[in-house]
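Everything below belongs to target_21.cif, which stores mmCIF, C-alpha atoms, pLDDT in the B column; chains and numbers go by the auth columns.
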```cif
data_upload
loop_
_atom_site.group_PDB
_atom_site.id
_atom_site.type_symbol
_atom_site.label_atom_id
_atom_site.label_comp_id
_atom_site.label_asym_id
_atom_site.label_seq_id
_atom_site.Cartn_x
_atom_site.Cartn_y
_atom_site.Cartn_z
_atom_site.B_iso_or_equiv
_atom_site.auth_seq_id
_atom_site.auth_asym_id
ATOM 1 C CA MET A 1 209.939 34.921 143.698 49.00 1 X
ATOM 2 C CA SER A 2 211.407 33.156 146.673 47.00 2 X
ATOM 3 C CA GLU A 3 212.864 29.682 146.392 54.00 3 X
ATOM 4 C CA LYS A 4 209.713 27.797 147.517 61.00 4 X
ATOM 5 C CA ASP A 5 206.709 29.814 146.397 73.00 5 X
ATOM 6 C CA VAL A 6 203.241 28.436 145.889 82.00 6 X
ATOM 7 C CA ILE A 7 202.028 29.112 142.375 83.00 7 X
ATOM 8 C CA GLU A 8 198.285 29.064 141.811 85.00 8 X
ATOM 9 C CA TRP A 9 197.120 27.288 138.661 88.00 9 X
ATOM 10 C CA PRO A 10 193.707 28.684 137.615 86.00 10 X
ATOM 11 C CA GLY A 11 192.953 25.696 135.399 88.00 11 X
ATOM 12 C CA VAL A 12 189.194 25.382 135.910 84.00 12 X
ATOM 13 C CA LEU A 13 187.720 27.213 132.926 87.00 13 X
ATOM 14 C CA ILE A 14 184.519 28.788 134.138 82.00 14 X
ATOM 15 C CA PRO A 15 182.679 31.833 132.752 85.00 15 X
ATOM 16 C CA ARG A 16 183.953 35.314 133.613 88.00 16 X
ATOM 17 C CA THR A 17 180.791 35.970 135.591 88.00 17 X
ATOM 18 C CA ALA A 18 181.668 33.179 138.041 83.00 18 X
ATOM 19 C CA TYR A 19 184.837 34.968 139.160 83.00 19 X
ATOM 20 C CA ASN A 20 185.229 37.847 141.558 86.00 20 X
ATOM 21 C CA PRO A 21 185.080 40.998 139.372 91.00 21 X
ATOM 22 C CA SER A 22 188.316 42.297 140.947 90.00 22 X
ATOM 23 C CA LEU A 23 190.176 39.169 139.838 88.00 23 X
ATOM 24 C CA VAL A 24 188.797 39.445 136.292 92.00 24 X
ATOM 25 C CA GLU A 25 189.785 43.117 136.186 93.00 25 X
ATOM 26 C CA ALA A 26 193.338 42.380 137.383 92.00 26 X
ATOM 27 C CA ARG A 27 193.865 39.566 134.877 93.00 27 X
ATOM 28 C CA ASP A 28 192.343 41.652 132.062 95.00 28 X
ATOM 29 C CA ARG A 29 194.668 44.527 132.948 94.00 29 X
ATOM 30 C CA LEU A 30 197.663 42.172 132.785 95.00 30 X
ATOM 31 C CA ALA A 31 196.498 40.626 129.497 96.00 31 X
ATOM 32 C CA ASN A 32 195.765 44.031 127.928 97.00 32 X
ATOM 33 C CA ARG A 33 199.186 45.378 128.871 96.00 33 X
ATOM 34 C CA ALA A 34 200.973 42.276 127.601 97.00 34 X
ATOM 35 C CA LYS A 35 198.938 42.285 124.372 97.00 35 X
ATOM 36 C CA VAL A 36 200.365 45.711 123.454 98.00 36 X
ATOM 37 C CA GLY A 37 203.880 45.010 124.744 97.00 37 X
ATOM 38 C CA ASP A 38 203.766 47.503 127.633 97.00 38 X
ATOM 39 C CA TRP A 39 206.425 45.670 129.641 97.00 39 X
ATOM 40 C CA PRO A 40 206.876 48.206 132.474 97.00 40 X
ATOM 41 C CA ALA A 41 203.110 48.025 133.098 95.00 41 X
ATOM 42 C CA VAL A 42 203.128 44.202 132.866 96.00 42 X
ATOM 43 C CA LEU A 43 205.900 43.947 135.453 96.00 43 X
ATOM 44 C CA ALA A 44 204.191 46.516 137.680 94.00 44 X
ATOM 45 C CA ALA A 45 200.950 44.506 137.509 93.00 45 X
ATOM 46 C CA LEU A 46 202.815 41.343 138.518 94.00 46 X
ATOM 47 C CA ASP A 47 204.528 43.146 141.383 93.00 47 X
ATOM 48 C CA GLY A 48 201.301 44.481 142.875 85.00 48 X
ATOM 49 C CA ASP A 49 200.608 43.885 146.516 71.00 49 X
ATOM 50 C CA MET A 50 196.858 43.696 146.336 69.00 50 X
ATOM 51 C CA ARG A 51 194.783 40.560 146.943 71.00 51 X
ATOM 52 C CA PHE A 52 194.056 40.155 143.242 77.00 52 X
ATOM 53 C CA THR A 53 197.555 40.555 141.857 84.00 53 X
ATOM 54 C CA PRO A 54 197.822 38.390 138.731 88.00 54 X
ATOM 55 C CA ALA A 55 200.552 35.775 138.391 90.00 55 X
ATOM 56 C CA ALA A 56 203.205 35.423 135.701 93.00 56 X
ATOM 57 C CA ASN A 57 201.436 32.434 134.095 94.00 57 X
ATOM 58 C CA ASP A 58 197.938 33.926 134.095 94.00 58 X
ATOM 59 C CA TRP A 59 195.938 34.404 130.921 94.00 59 X
ATOM 60 C CA ARG A 60 192.771 36.349 130.255 95.00 60 X
ATOM 61 C CA VAL A 61 189.786 34.847 132.074 92.00 61 X
ATOM 62 C CA SER A 62 187.728 33.043 129.401 91.00 62 X
ATOM 63 C CA GLY A 63 190.368 33.930 126.805 92.00 63 X
ATOM 64 C CA SER A 64 190.767 31.554 123.900 93.00 64 X
ATOM 65 C CA SER A 65 194.503 31.882 123.133 96.00 65 X
ATOM 66 C CA TRP A 66 195.734 31.090 126.665 96.00 66 X
ATOM 67 C CA PHE A 67 198.612 33.485 126.076 97.00 67 X
ATOM 68 C CA GLY A 68 200.421 34.423 129.257 96.00 68 X
ATOM 69 C CA PRO A 69 202.864 37.339 129.472 98.00 69 X
ATOM 70 C CA LEU A 70 205.792 35.167 128.343 98.00 70 X
ATOM 71 C CA HIS A 71 203.874 34.139 125.199 98.00 71 X
ATOM 72 C CA GLN A 72 203.265 37.818 124.443 98.00 72 X
ATOM 73 C CA ALA A 73 206.934 38.630 125.054 98.00 73 X
ATOM 74 C CA ALA A 74 207.828 35.935 122.515 98.00 74 X
ATOM 75 C CA TRP A 75 205.227 37.286 120.056 98.00 75 X
ATOM 76 C CA PHE A 76 206.634 40.807 120.224 98.00 76 X
ATOM 77 C CA GLY A 77 210.298 39.824 120.388 98.00 77 X
ATOM 78 C CA ALA A 78 210.594 41.602 123.729 98.00 78 X
ATOM 79 C CA PRO A 79 214.048 42.473 125.068 97.00 79 X
ATOM 80 C CA GLU A 80 215.774 39.636 126.909 96.00 80 X
ATOM 81 C CA ASP A 81 215.712 41.611 130.162 97.00 81 X
ATOM 82 C CA VAL A 82 211.893 41.529 129.993 98.00 82 X
ATOM 83 C CA VAL A 83 211.967 37.758 129.497 98.00 83 X
ATOM 84 C CA ARG A 84 214.365 37.391 132.438 97.00 84 X
ATOM 85 C CA ALA A 85 212.104 39.604 134.587 97.00 85 X
ATOM 86 C CA LEU A 86 209.081 37.427 133.721 97.00 86 X
ATOM 87 C CA LEU A 87 211.049 34.261 134.488 96.00 87 X
ATOM 88 C CA ASP A 88 212.150 35.774 137.812 94.00 88 X
ATOM 89 C CA ARG A 89 208.454 36.296 138.611 94.00 89 X
ATOM 90 C CA GLY A 90 207.661 32.630 138.011 92.00 90 X
ATOM 91 C CA ALA A 91 206.788 32.409 134.293 95.00 91 X
ATOM 92 C CA TRP A 92 207.126 28.919 132.864 95.00 92 X
ATOM 93 C CA ARG A 93 208.961 28.435 129.580 97.00 93 X
ATOM 94 C CA SER A 94 207.040 25.157 129.071 96.00 94 X
ATOM 95 C CA LEU A 95 203.558 26.677 129.383 96.00 95 X
ATOM 96 C CA ARG A 96 201.597 25.936 126.217 96.00 96 X
ATOM 97 C CA ASP A 97 198.969 28.129 124.617 97.00 97 X
ATOM 98 C CA SER A 98 195.607 26.783 123.436 95.00 98 X
ATOM 99 C CA VAL A 99 197.152 25.244 120.299 96.00 99 X
ATOM 100 C CA GLY A 100 200.144 23.729 122.094 95.00 100 X
ATOM 101 C CA ARG A 101 202.855 26.316 121.435 98.00 101 X
ATOM 102 C CA ARG A 102 205.397 27.249 124.080 97.00 102 X
ATOM 103 C CA PRO A 103 206.900 30.753 124.112 98.00 103 X
ATOM 104 C CA VAL A 104 210.050 29.410 122.422 98.00 104 X
ATOM 105 C CA ASP A 105 207.909 28.040 119.574 98.00 105 X
ATOM 106 C CA ILE A 106 206.232 31.415 119.090 98.00 106 X
ATOM 107 C CA ALA A 107 209.560 33.276 119.095 98.00 107 X
ATOM 108 C CA ARG A 108 210.939 30.910 116.435 98.00 108 X
ATOM 109 C CA GLU A 109 207.785 31.185 114.295 98.00 109 X
ATOM 110 C CA ARG A 110 208.120 34.963 114.352 98.00 110 X
ATOM 111 C CA GLY A 111 211.841 34.960 113.525 97.00 111 X
ATOM 112 C CA PHE A 112 213.128 36.018 116.969 97.00 112 X
ATOM 113 C CA ASP A 113 215.836 33.374 117.086 95.00 113 X
ATOM 114 C CA THR A 114 218.045 35.172 119.627 94.00 114 X
ATOM 115 C CA LEU A 115 215.104 35.553 121.974 96.00 115 X
ATOM 116 C CA ALA A 116 214.150 31.916 121.379 96.00 116 X
ATOM 117 C CA ASP A 117 217.480 30.872 122.889 94.00 117 X
ATOM 118 C CA ALA A 118 216.465 32.533 126.180 96.00 118 X
ATOM 119 C CA LEU A 119 213.077 30.791 126.056 98.00 119 X
ATOM 120 C CA VAL A 120 214.310 27.207 125.691 97.00 120 X
ATOM 121 C CA PRO A 121 212.987 25.361 128.765 95.00 121 X
ATOM 122 C CA ILE A 122 215.509 24.381 131.418 94.00 122 X
ATOM 123 C CA TYR A 123 214.433 21.531 133.680 92.00 123 X
ATOM 124 C CA ASN A 124 215.452 20.701 137.247 91.00 124 X
ATOM 125 C CA VAL A 125 214.688 17.014 136.677 89.00 125 X
ATOM 126 C CA ALA A 126 215.411 14.785 133.723 88.00 126 X
ATOM 127 C CA LEU A 127 212.297 13.437 132.018 88.00 127 X
ATOM 128 C CA SER A 128 212.089 11.743 128.683 91.00 128 X
ATOM 129 C CA ALA A 129 209.479 13.139 126.303 89.00 129 X
ATOM 130 C CA ASP A 130 207.495 9.904 126.606 94.00 130 X
ATOM 131 C CA ASP A 131 207.593 9.975 130.412 95.00 131 X
ATOM 132 C CA ALA A 132 206.525 13.633 130.490 93.00 132 X
ATOM 133 C CA VAL A 133 203.557 12.927 128.204 93.00 133 X
ATOM 134 C CA ALA A 134 202.542 9.868 130.222 96.00 134 X
ATOM 135 C CA MET A 135 202.817 11.712 133.530 95.00 135 X
ATOM 136 C CA SER A 136 200.856 14.699 132.191 94.00 136 X
ATOM 137 C CA ARG A 137 198.098 12.384 130.939 95.00 137 X
ATOM 138 C CA ARG A 138 197.932 10.554 134.274 95.00 138 X
ATOM 139 C CA LEU A 139 197.793 13.825 136.190 92.00 139 X
ATOM 140 C CA ALA A 140 194.960 14.991 133.919 92.00 140 X
ATOM 141 C CA VAL A 141 193.024 11.776 134.557 91.00 141 X
ATOM 142 C CA LEU A 142 193.463 12.128 138.323 88.00 142 X
ATOM 143 C CA VAL A 143 192.254 15.727 138.248 87.00 143 X
ATOM 144 C CA GLU A 144 189.292 14.878 135.984 85.00 144 X
ATOM 145 C CA GLU A 145 188.228 12.008 138.249 84.00 145 X
ATOM 146 C CA ALA A 146 188.379 14.137 141.390 80.00 146 X
ATOM 147 C CA VAL A 147 186.719 17.146 139.800 80.00 147 X
ATOM 148 C CA GLY A 148 183.977 14.975 138.300 76.00 148 X
ATOM 149 C CA GLU A 149 182.942 14.006 141.813 71.00 149 X
ATOM 150 C CA VAL A 150 182.687 17.652 142.907 71.00 150 X
ATOM 151 C CA LEU A 151 181.678 19.753 139.927 66.00 151 X
ATOM 152 C CA GLU A 152 178.421 18.923 138.237 65.00 152 X
ATOM 153 C CA PRO A 153 177.808 19.737 135.502 63.00 153 X
ATOM 154 C CA ARG A 154 181.278 19.013 134.151 69.00 154 X
ATOM 155 C CA VAL A 155 183.549 21.942 133.472 76.00 155 X
ATOM 156 C CA GLU A 156 186.423 22.371 131.068 84.00 156 X
ATOM 157 C CA ILE A 157 189.890 22.177 132.580 88.00 157 X
ATOM 158 C CA ARG A 158 193.180 23.505 131.320 92.00 158 X
ATOM 159 C CA HIS A 159 195.478 20.759 132.492 92.00 159 X
ATOM 160 C CA LEU A 160 198.974 21.436 133.700 91.00 160 X
ATOM 161 C CA ASP A 161 201.887 19.939 131.786 92.00 161 X
ATOM 162 C CA VAL A 162 204.318 18.252 134.189 93.00 162 X
ATOM 163 C CA LEU A 163 207.171 19.902 132.285 94.00 163 X
ATOM 164 C CA CYS A 164 206.071 23.204 133.849 93.00 164 X
ATOM 165 C CA LEU A 165 206.523 21.564 137.239 90.00 165 X
ATOM 166 C CA ALA A 166 209.958 20.269 136.208 93.00 166 X
ATOM 167 C CA GLU A 167 211.184 23.825 135.532 92.00 167 X
ATOM 168 C CA ARG A 168 211.002 25.238 139.029 85.00 168 X
ATOM 169 C CA ASP A 169 211.204 24.145 142.638 81.00 169 X
ATOM 170 C CA ASP A 170 207.859 25.700 143.534 81.00 170 X
ATOM 171 C CA GLU A 171 204.690 24.158 144.806 87.00 171 X
ATOM 172 C CA VAL A 172 201.606 24.458 142.619 88.00 172 X
ATOM 173 C CA TRP A 173 198.103 24.778 144.002 88.00 173 X
ATOM 174 C CA PHE A 174 195.235 23.975 141.657 87.00 174 X
ATOM 175 C CA PRO A 175 192.083 25.351 143.330 84.00 175 X
ATOM 176 C CA ILE A 176 188.856 23.577 142.419 79.00 176 X
ATOM 177 C CA PRO A 177 185.582 25.371 143.229 73.00 177 X
ATOM 178 C CA GLY A 178 183.704 23.339 145.820 72.00 178 X
ATOM 179 C CA MET A 179 186.690 21.097 146.563 76.00 179 X
ATOM 180 C CA TYR A 180 188.364 22.143 149.778 74.00 180 X
ATOM 181 C CA GLY A 181 192.107 22.211 149.357 74.00 181 X
ATOM 182 C CA GLY A 182 192.095 21.601 145.590 77.00 182 X
ATOM 183 C CA PHE A 183 195.258 19.921 144.369 76.00 183 X
#
```
Render the structure in this file as C-alpha coordinates.
Amino acid sequence: MSEKDVIEWPGVLIPRTAYNPSLVEARDRLANRAKVGDWPAVLAALDGDMRFTPAANDWRVSGSSWFGPLHQAAWFGAPEDVVRALLDRGAWRSLRDSVGRRPVDIARERGFDTLADALVPIYNVALSADDAVAMSRRLAVLVEEAVGEVLEPRVEIRHLDVLCLAERDDEVWFPIPGMYGGF
(Lines of atoms letter the chains of each structure in order from A and count residues from 1; the text may use other names and numbers.)
(Lines give C-alpha, C1' and ligand atoms only; values in the text may rest on other atoms or scores of the structure.)
Protein backbone atom coordinates (compact mmCIF):
# COMPACT_ATOMS: atom_id res chain seq x y z
CA MET A 1 0.00 0.00 0.00
CA SER A 2 1.14 3.53 -0.60
CA GLU A 3 1.83 5.90 2.26
CA LYS A 4 -1.62 7.60 2.25
CA ASP A 5 -4.16 5.03 1.12
CA VAL A 6 -7.85 5.17 1.84
CA ILE A 7 -8.99 2.03 3.62
CA GLU A 8 -12.67 1.18 3.41
CA TRP A 9 -14.27 0.00 6.65
CA PRO A 10 -17.34 -2.14 5.83
CA GLY A 11 -18.77 -1.77 9.33
CA VAL A 12 -22.50 -1.67 8.55
CA LEU A 13 -23.63 -5.25 9.11
CA ILE A 14 -26.40 -5.88 6.63
CA PRO A 15 -27.59 -9.19 5.17
CA ARG A 16 -25.59 -10.81 2.36
CA THR A 17 -28.49 -10.25 -0.01
CA ALA A 18 -28.15 -6.47 0.37
CA TYR A 19 -24.64 -6.49 -1.12
CA ASN A 20 -23.59 -6.70 -4.73
CA PRO A 21 -23.13 -10.45 -5.42
CA SER A 22 -19.65 -9.80 -6.88
CA LEU A 23 -18.52 -8.21 -3.61
CA VAL A 24 -19.91 -11.11 -1.56
CA GLU A 25 -18.18 -13.58 -3.87
CA ALA A 26 -14.83 -11.76 -3.60
CA ARG A 27 -14.97 -11.56 0.20
CA ASP A 28 -16.10 -15.20 0.46
CA ARG A 29 -13.20 -16.24 -1.77
CA LEU A 30 -10.77 -14.36 0.49
CA ALA A 31 -12.32 -15.80 3.67
CA ASN A 32 -12.37 -19.35 2.27
CA ARG A 33 -8.71 -19.16 1.25
CA ALA A 34 -7.66 -17.71 4.60
CA LYS A 35 -9.73 -20.29 6.50
CA VAL A 36 -7.64 -23.12 5.00
CA GLY A 37 -4.32 -21.26 5.19
CA ASP A 38 -3.83 -20.92 1.42
CA TRP A 39 -1.56 -17.89 1.74
CA PRO A 40 -0.50 -17.55 -1.92
CA ALA A 41 -4.21 -17.46 -2.87
CA VAL A 42 -5.00 -15.00 -0.05
CA LEU A 43 -2.27 -12.61 -1.21
CA ALA A 44 -3.34 -13.00 -4.84
CA ALA A 45 -6.94 -12.16 -3.87
CA LEU A 46 -5.75 -9.03 -2.06
CA ASP A 47 -3.62 -8.00 -5.02
CA GLY A 48 -6.45 -8.26 -7.54
CA ASP A 49 -7.15 -5.33 -9.78
CA MET A 50 -10.86 -5.81 -10.16
CA ARG A 51 -13.53 -3.49 -8.76
CA PHE A 52 -14.43 -5.95 -6.02
CA THR A 53 -10.97 -6.77 -4.73
CA PRO A 54 -11.25 -7.49 -1.00
CA ALA A 55 -9.14 -5.58 1.52
CA ALA A 56 -6.70 -6.93 4.09
CA ASN A 57 -9.10 -6.25 6.99
CA ASP A 58 -12.20 -7.72 5.36
CA TRP A 59 -14.14 -10.58 6.91
CA ARG A 60 -16.85 -12.79 5.48
CA VAL A 61 -20.03 -10.84 4.75
CA SER A 62 -22.49 -11.78 7.52
CA GLY A 63 -19.80 -13.91 9.16
CA SER A 64 -19.99 -14.30 12.91
CA SER A 65 -16.29 -14.60 13.85
CA TRP A 66 -15.16 -11.37 12.15
CA PHE A 67 -11.86 -13.07 11.38
CA GLY A 68 -9.80 -11.21 8.81
CA PRO A 69 -6.80 -12.74 7.05
CA LEU A 70 -4.42 -11.68 9.85
CA HIS A 71 -6.60 -13.47 12.43
CA GLN A 72 -6.44 -16.62 10.30
CA ALA A 73 -2.67 -16.27 9.93
CA ALA A 74 -2.43 -16.12 13.73
CA TRP A 75 -4.76 -19.14 14.06
CA PHE A 76 -2.64 -21.26 11.73
CA GLY A 77 0.74 -20.00 12.92
CA ALA A 78 1.50 -18.79 9.41
CA PRO A 79 5.09 -17.99 8.45
CA GLU A 80 6.23 -14.50 9.43
CA ASP A 81 6.68 -13.54 5.78
CA VAL A 82 2.92 -14.09 5.30
CA VAL A 83 2.19 -11.85 8.29
CA ARG A 84 4.53 -9.19 6.89
CA ALA A 85 2.85 -9.46 3.47
CA LEU A 86 -0.59 -8.97 5.08
CA LEU A 87 0.69 -5.99 7.08
CA ASP A 88 2.18 -4.51 3.89
CA ARG A 89 -1.30 -4.77 2.34
CA GLY A 90 -2.87 -2.79 5.18
CA ALA A 91 -3.87 -5.40 7.78
CA TRP A 92 -4.31 -3.99 11.26
CA ARG A 93 -2.71 -5.77 14.20
CA SER A 94 -5.29 -4.13 16.51
CA LEU A 95 -8.37 -5.39 14.65
CA ARG A 96 -10.53 -7.40 17.04
CA ASP A 97 -12.68 -10.39 16.18
CA SER A 98 -16.28 -10.74 17.38
CA VAL A 99 -15.18 -11.73 20.90
CA GLY A 100 -12.53 -9.02 21.21
CA ARG A 101 -9.35 -10.92 20.33
CA ARG A 102 -6.60 -9.35 18.26
CA PRO A 103 -4.39 -11.54 16.06
CA VAL A 104 -1.64 -11.42 18.71
CA ASP A 105 -4.10 -12.79 21.28
CA ILE A 106 -5.04 -15.67 18.99
CA ALA A 107 -1.40 -16.52 18.26
CA ARG A 108 -0.62 -16.62 21.99
CA GLU A 109 -3.70 -18.74 22.76
CA ARG A 110 -2.58 -21.26 20.15
CA GLY A 111 1.03 -21.37 21.36
CA PHE A 112 2.61 -19.47 18.44
CA ASP A 113 4.70 -17.22 20.66
CA THR A 114 7.31 -16.36 18.01
CA LEU A 115 4.58 -15.31 15.60
CA ALA A 116 2.87 -13.36 18.39
CA ASP A 117 5.94 -11.14 18.62
CA ALA A 118 5.39 -10.06 15.00
CA LEU A 119 1.71 -9.38 15.72
CA VAL A 120 2.15 -7.02 18.68
CA PRO A 121 0.55 -3.73 17.59
CA ILE A 122 2.88 -0.83 16.85
CA TYR A 123 1.29 2.61 17.07
CA ASN A 124 2.21 5.86 15.33
CA VAL A 125 0.67 7.89 18.16
CA ALA A 126 0.83 7.40 21.90
CA LEU A 127 -2.54 6.70 23.50
CA SER A 128 -3.20 5.45 26.97
CA ALA A 129 -5.52 2.46 27.22
CA ASP A 130 -8.13 4.64 28.92
CA ASP A 131 -7.91 7.33 26.23
CA ALA A 132 -8.19 4.74 23.45
CA VAL A 133 -11.30 3.21 25.03
CA ALA A 134 -12.88 6.62 25.58
CA MET A 135 -12.13 7.76 22.03
CA SER A 136 -13.45 4.50 20.56
CA ARG A 137 -16.67 4.84 22.57
CA ARG A 138 -17.13 8.46 21.49
CA LEU A 139 -16.52 7.57 17.85
CA ALA A 140 -19.11 4.78 18.15
CA VAL A 141 -21.66 7.20 19.61
CA LEU A 142 -21.05 9.71 16.81
CA VAL A 143 -21.47 7.02 14.16
CA GLU A 144 -24.61 5.61 15.82
CA GLU A 145 -26.19 9.07 16.06
CA ALA A 146 -25.51 9.87 12.41
CA VAL A 147 -26.54 6.45 11.15
CA GLY A 148 -29.72 6.52 13.24
CA GLU A 149 -30.84 9.57 11.28
CA VAL A 150 -30.29 7.81 7.94
CA LEU A 151 -30.91 4.11 8.39
CA GLU A 152 -34.32 3.05 9.59
CA PRO A 153 -34.82 0.46 10.83
CA ARG A 154 -31.62 0.43 12.87
CA VAL A 155 -28.80 -1.77 11.69
CA GLU A 156 -25.97 -3.42 13.56
CA ILE A 157 -22.58 -1.76 13.22
CA ARG A 158 -19.12 -3.16 13.74
CA HIS A 159 -17.42 -0.14 15.22
CA LEU A 160 -13.83 0.71 14.50
CA ASP A 161 -11.35 0.74 17.37
CA VAL A 162 -9.27 3.93 17.28
CA LEU A 163 -6.18 1.80 17.94
CA CYS A 164 -6.52 0.51 14.37
CA LEU A 165 -6.33 4.12 13.22
CA ALA A 166 -3.27 4.71 15.42
CA GLU A 167 -1.35 1.94 13.63
CA ARG A 168 -1.13 3.45 10.18
CA ASP A 169 -1.06 6.81 8.45
CA ASP A 170 -3.98 5.95 6.18
CA GLU A 171 -7.37 7.52 5.82
CA VAL A 172 -10.38 5.35 6.62
CA TRP A 173 -13.69 5.67 4.83
CA PHE A 174 -16.73 4.18 6.54
CA PRO A 175 -19.47 4.03 3.88
CA ILE A 176 -23.03 4.18 5.21
CA PRO A 177 -25.83 3.11 2.84
CA GLY A 178 -28.02 6.12 2.12
CA MET A 179 -25.55 8.57 3.67
CA TYR A 180 -23.61 10.37 0.98
CA GLY A 181 -19.95 10.50 1.86
CA GLY A 182 -20.19 8.22 4.92
CA PHE A 183 -17.49 8.91 7.47
Counting all atoms listed in the file, the residue of X:Arg16, X:Arg102, X:His159, X:Arg89 that sits nearest Gln72 (chain X): X:Arg102
Resolved residues for the PyMOL selection byres ((chain X and resi 178) around 12) as a PyMOL selection string: chain X and resi 12+146-152+175-177+179-182
Picked residues, the PyMOL selection byres ((chain X and resi 73) around 12), as an MDAnalysis selection string: chainID X and resid 31 33:39 42:43 56 67:72 74:87 91 93 102:107 110 112 115:116 118:119
Who sits within 10 Å of Ala55 (chain X), all atoms listed in the file, same chain under 6 positions skipped, as a list of chain:residue names: X:Ile7, X:Glu8, X:Trp9, X:Pro10, X:Ala26, X:Arg27, X:Leu30, X:Ala45, X:Leu46, X:Asp47, X:Gly48, X:Gly68, X:Pro69, X:Leu86, X:Arg89, X:Gly90, X:Ala91
Two-atom distance - CA of Asn124 (chain X), CA of Asp161 (chain X) (Å): 14.6 Å
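Of note, CA of Glu25 (chain X) and CA of Gly63 (chain X) are spaced 13.1 Å apart.
Proximity ranking of X:Gly111, X:Trp92, X:Arg60, X:Arg29 relative to Asp170 (chain X) places X:Trp92 first, based on only C-alpha atoms.
Interatomic distance, CA of Arg158 (chain X) to CA of Leu13 (chain X): 6.8 Å.
Note on the selection: in this file the PyMOL selection byres ((chain X and resi 128-139) around 9) comes out as X:Ala126, X:Leu127, X:Ala140, X:Val141, X:Leu142, X:Val143, X:Glu144, X:His159, X:Leu160, X:Asp161, X:Val162, X:Leu163.
Using only C-alpha atoms, the smallest distance between any of X:Asp28, X:Asp169, X:Asp49, X:Asp5 and Val125 (chain X) comes from X:Asp169.
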Of the listed residues X:Pro15, X:Cys164, X:Pro21, X:Arg108, that which approaches Asn57 (chain X) most closely, counting all atoms listed in the file: X:Cys164
Among listed residues X:Glu156, X:Asp58, X:Thr17, X:Pro40, nearest Arg96 (chain X) (using all atoms listed in the file): X:Asp58
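Considering all atoms listed in the file, the residue among X:Val24, X:Tyr123, X:Ser65, X:Asn32 positioned nearest to Thr53 (chain X) is X:Val24.
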Kindly compute an axis-aligned box around the listed atoms of region 77-95 of chain X, allowing 6 Å on each side, and express its centre and edge lengths in Å to one decimal as lines of an AutoDock Vina configuration file.
```
center_x = 209.7
center_y = 33.8
center_z = 129.5
size_x = 24.2
size_y = 29.3
size_z = 30.2
```
What would region 126-137 of chain X look like with all heavy atoms restored, written as a JSON list (two decimals), keeping the file's coordinate frame?
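Once written, result-v7.json looks like this:
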```json
[["chain", "number", "residue", "atom", "x", "y", "z"],
["X", 126, "ALA", "N", 215.32, 15.37, 135.07],
["X", 126, "ALA", "CA", 215.41, 14.78, 133.72],
["X", 126, "ALA", "C", 214.19, 13.91, 133.48],
["X", 126, "ALA", "O", 213.90, 13.00, 134.26],
["X", 126, "ALA", "CB", 216.69, 13.96, 133.60],
["X", 127, "LEU", "N", 213.46, 14.23, 132.43],
["X", 127, "LEU", "CA", 212.30, 13.44, 132.02],
["X", 127, "LEU", "C", 212.39, 13.20, 130.52],
["X", 127, "LEU", "O", 212.65, 14.14, 129.77],
["X", 127, "LEU", "CB", 211.00, 14.21, 132.28],
["X", 127, "LEU", "CG", 210.48, 14.30, 133.69],
["X", 127, "LEU", "CD1", 209.24, 15.19, 133.73],
["X", 127, "LEU", "CD2", 210.12, 12.93, 134.22],
["X", 128, "SER", "N", 212.16, 11.98, 130.12],
["X", 128, "SER", "CA", 212.09, 11.74, 128.68],
["X", 128, "SER", "C", 210.77, 12.33, 128.17],
["X", 128, "SER", "O", 209.83, 12.54, 128.95],
["X", 128, "SER", "CB", 212.14, 10.24, 128.38],
["X", 128, "SER", "OG", 210.92, 9.62, 128.77],
["X", 129, "ALA", "N", 210.71, 12.59, 126.89],
["X", 129, "ALA", "CA", 209.48, 13.14, 126.30],
["X", 129, "ALA", "C", 208.31, 12.19, 126.54],
["X", 129, "ALA", "O", 207.20, 12.62, 126.89],
["X", 129, "ALA", "CB", 209.67, 13.41, 124.82],
["X", 130, "ASP", "N", 208.55, 10.89, 126.39],
["X", 130, "ASP", "CA", 207.50, 9.90, 126.61],
["X", 130, "ASP", "C", 207.02, 9.90, 128.06],
["X", 130, "ASP", "O", 205.82, 9.82, 128.33],
["X", 130, "ASP", "CB", 207.97, 8.50, 126.21],
["X", 130, "ASP", "CG", 208.13, 8.32, 124.71],
["X", 130, "ASP", "OD1", 207.56, 9.14, 123.94],
["X", 130, "ASP", "OD2", 208.81, 7.37, 124.31],
["X", 131, "ASP", "N", 207.96, 9.96, 128.99],
["X", 131, "ASP", "CA", 207.59, 9.98, 130.41],
["X", 131, "ASP", "C", 206.80, 11.24, 130.75],
["X", 131, "ASP", "O", 205.82, 11.18, 131.51],
["X", 131, "ASP", "CB", 208.83, 9.89, 131.30],
["X", 131, "ASP", "CG", 209.44, 8.49, 131.32],
["X", 131, "ASP", "OD1", 208.77, 7.52, 130.89],
["X", 131, "ASP", "OD2", 210.60, 8.37, 131.79],
["X", 132, "ALA", "N", 207.22, 12.37, 130.21],
["X", 132, "ALA", "CA", 206.52, 13.63, 130.49],
["X", 132, "ALA", "C", 205.09, 13.58, 129.97],
["X", 132, "ALA", "O", 204.15, 14.00, 130.66],
["X", 132, "ALA", "CB", 207.28, 14.81, 129.87],
["X", 133, "VAL", "N", 204.91, 13.05, 128.77],
["X", 133, "VAL", "CA", 203.56, 12.93, 128.20],
["X", 133, "VAL", "C", 202.72, 11.98, 129.05],
["X", 133, "VAL", "O", 201.56, 12.28, 129.38],
["X", 133, "VAL", "CB", 203.62, 12.46, 126.73],
["X", 133, "VAL", "CG1", 202.25, 12.04, 126.22],
["X", 133, "VAL", "CG2", 204.20, 13.56, 125.85],
["X", 134, "ALA", "N", 203.28, 10.85, 129.42],
["X", 134, "ALA", "CA", 202.54, 9.87, 130.22],
["X", 134, "ALA", "C", 202.17, 10.44, 131.59],
["X", 134, "ALA", "O", 201.03, 10.26, 132.06],
["X", 134, "ALA", "CB", 203.37, 8.59, 130.38],
["X", 135, "MET", "N", 203.10, 11.13, 132.22],
["X", 135, "MET", "CA", 202.82, 11.71, 133.53],
["X", 135, "MET", "C", 201.77, 12.82, 133.42],
["X", 135, "MET", "O", 200.89, 12.93, 134.28],
["X", 135, "MET", "CB", 204.11, 12.25, 134.15],
["X", 135, "MET", "CG", 205.07, 11.15, 134.55],
["X", 135, "MET", "SD", 206.69, 11.78, 135.06],
["X", 135, "MET", "CE", 206.27, 12.51, 136.63],
["X", 136, "SER", "N", 201.85, 13.64, 132.38],
["X", 136, "SER", "CA", 200.86, 14.70, 132.19],
["X", 136, "SER", "C", 199.47, 14.11, 131.97],
["X", 136, "SER", "O", 198.48, 14.61, 132.51],
["X", 136, "SER", "CB", 201.24, 15.59, 131.01],
["X", 136, "SER", "OG", 202.40, 16.34, 131.32],
["X", 137, "ARG", "N", 199.40, 13.04, 131.18],
["X", 137, "ARG", "CA", 198.10, 12.38, 130.94],
["X", 137, "ARG", "C", 197.54, 11.80, 132.23],
["X", 137, "ARG", "O", 196.35, 11.90, 132.51],
["X", 137, "ARG", "CB", 198.24, 11.30, 129.88],
["X", 137, "ARG", "CG", 198.36, 11.84, 128.48],
["X", 137, "ARG", "CD", 198.37, 10.74, 127.45],
["X", 137, "ARG", "NE", 198.53, 11.31, 126.13],
["X", 137, "ARG", "CZ", 199.13, 10.71, 125.13],
["X", 137, "ARG", "NH1", 199.63, 9.49, 125.28],
["X", 137, "ARG", "NH2", 199.24, 11.29, 123.96]]
```
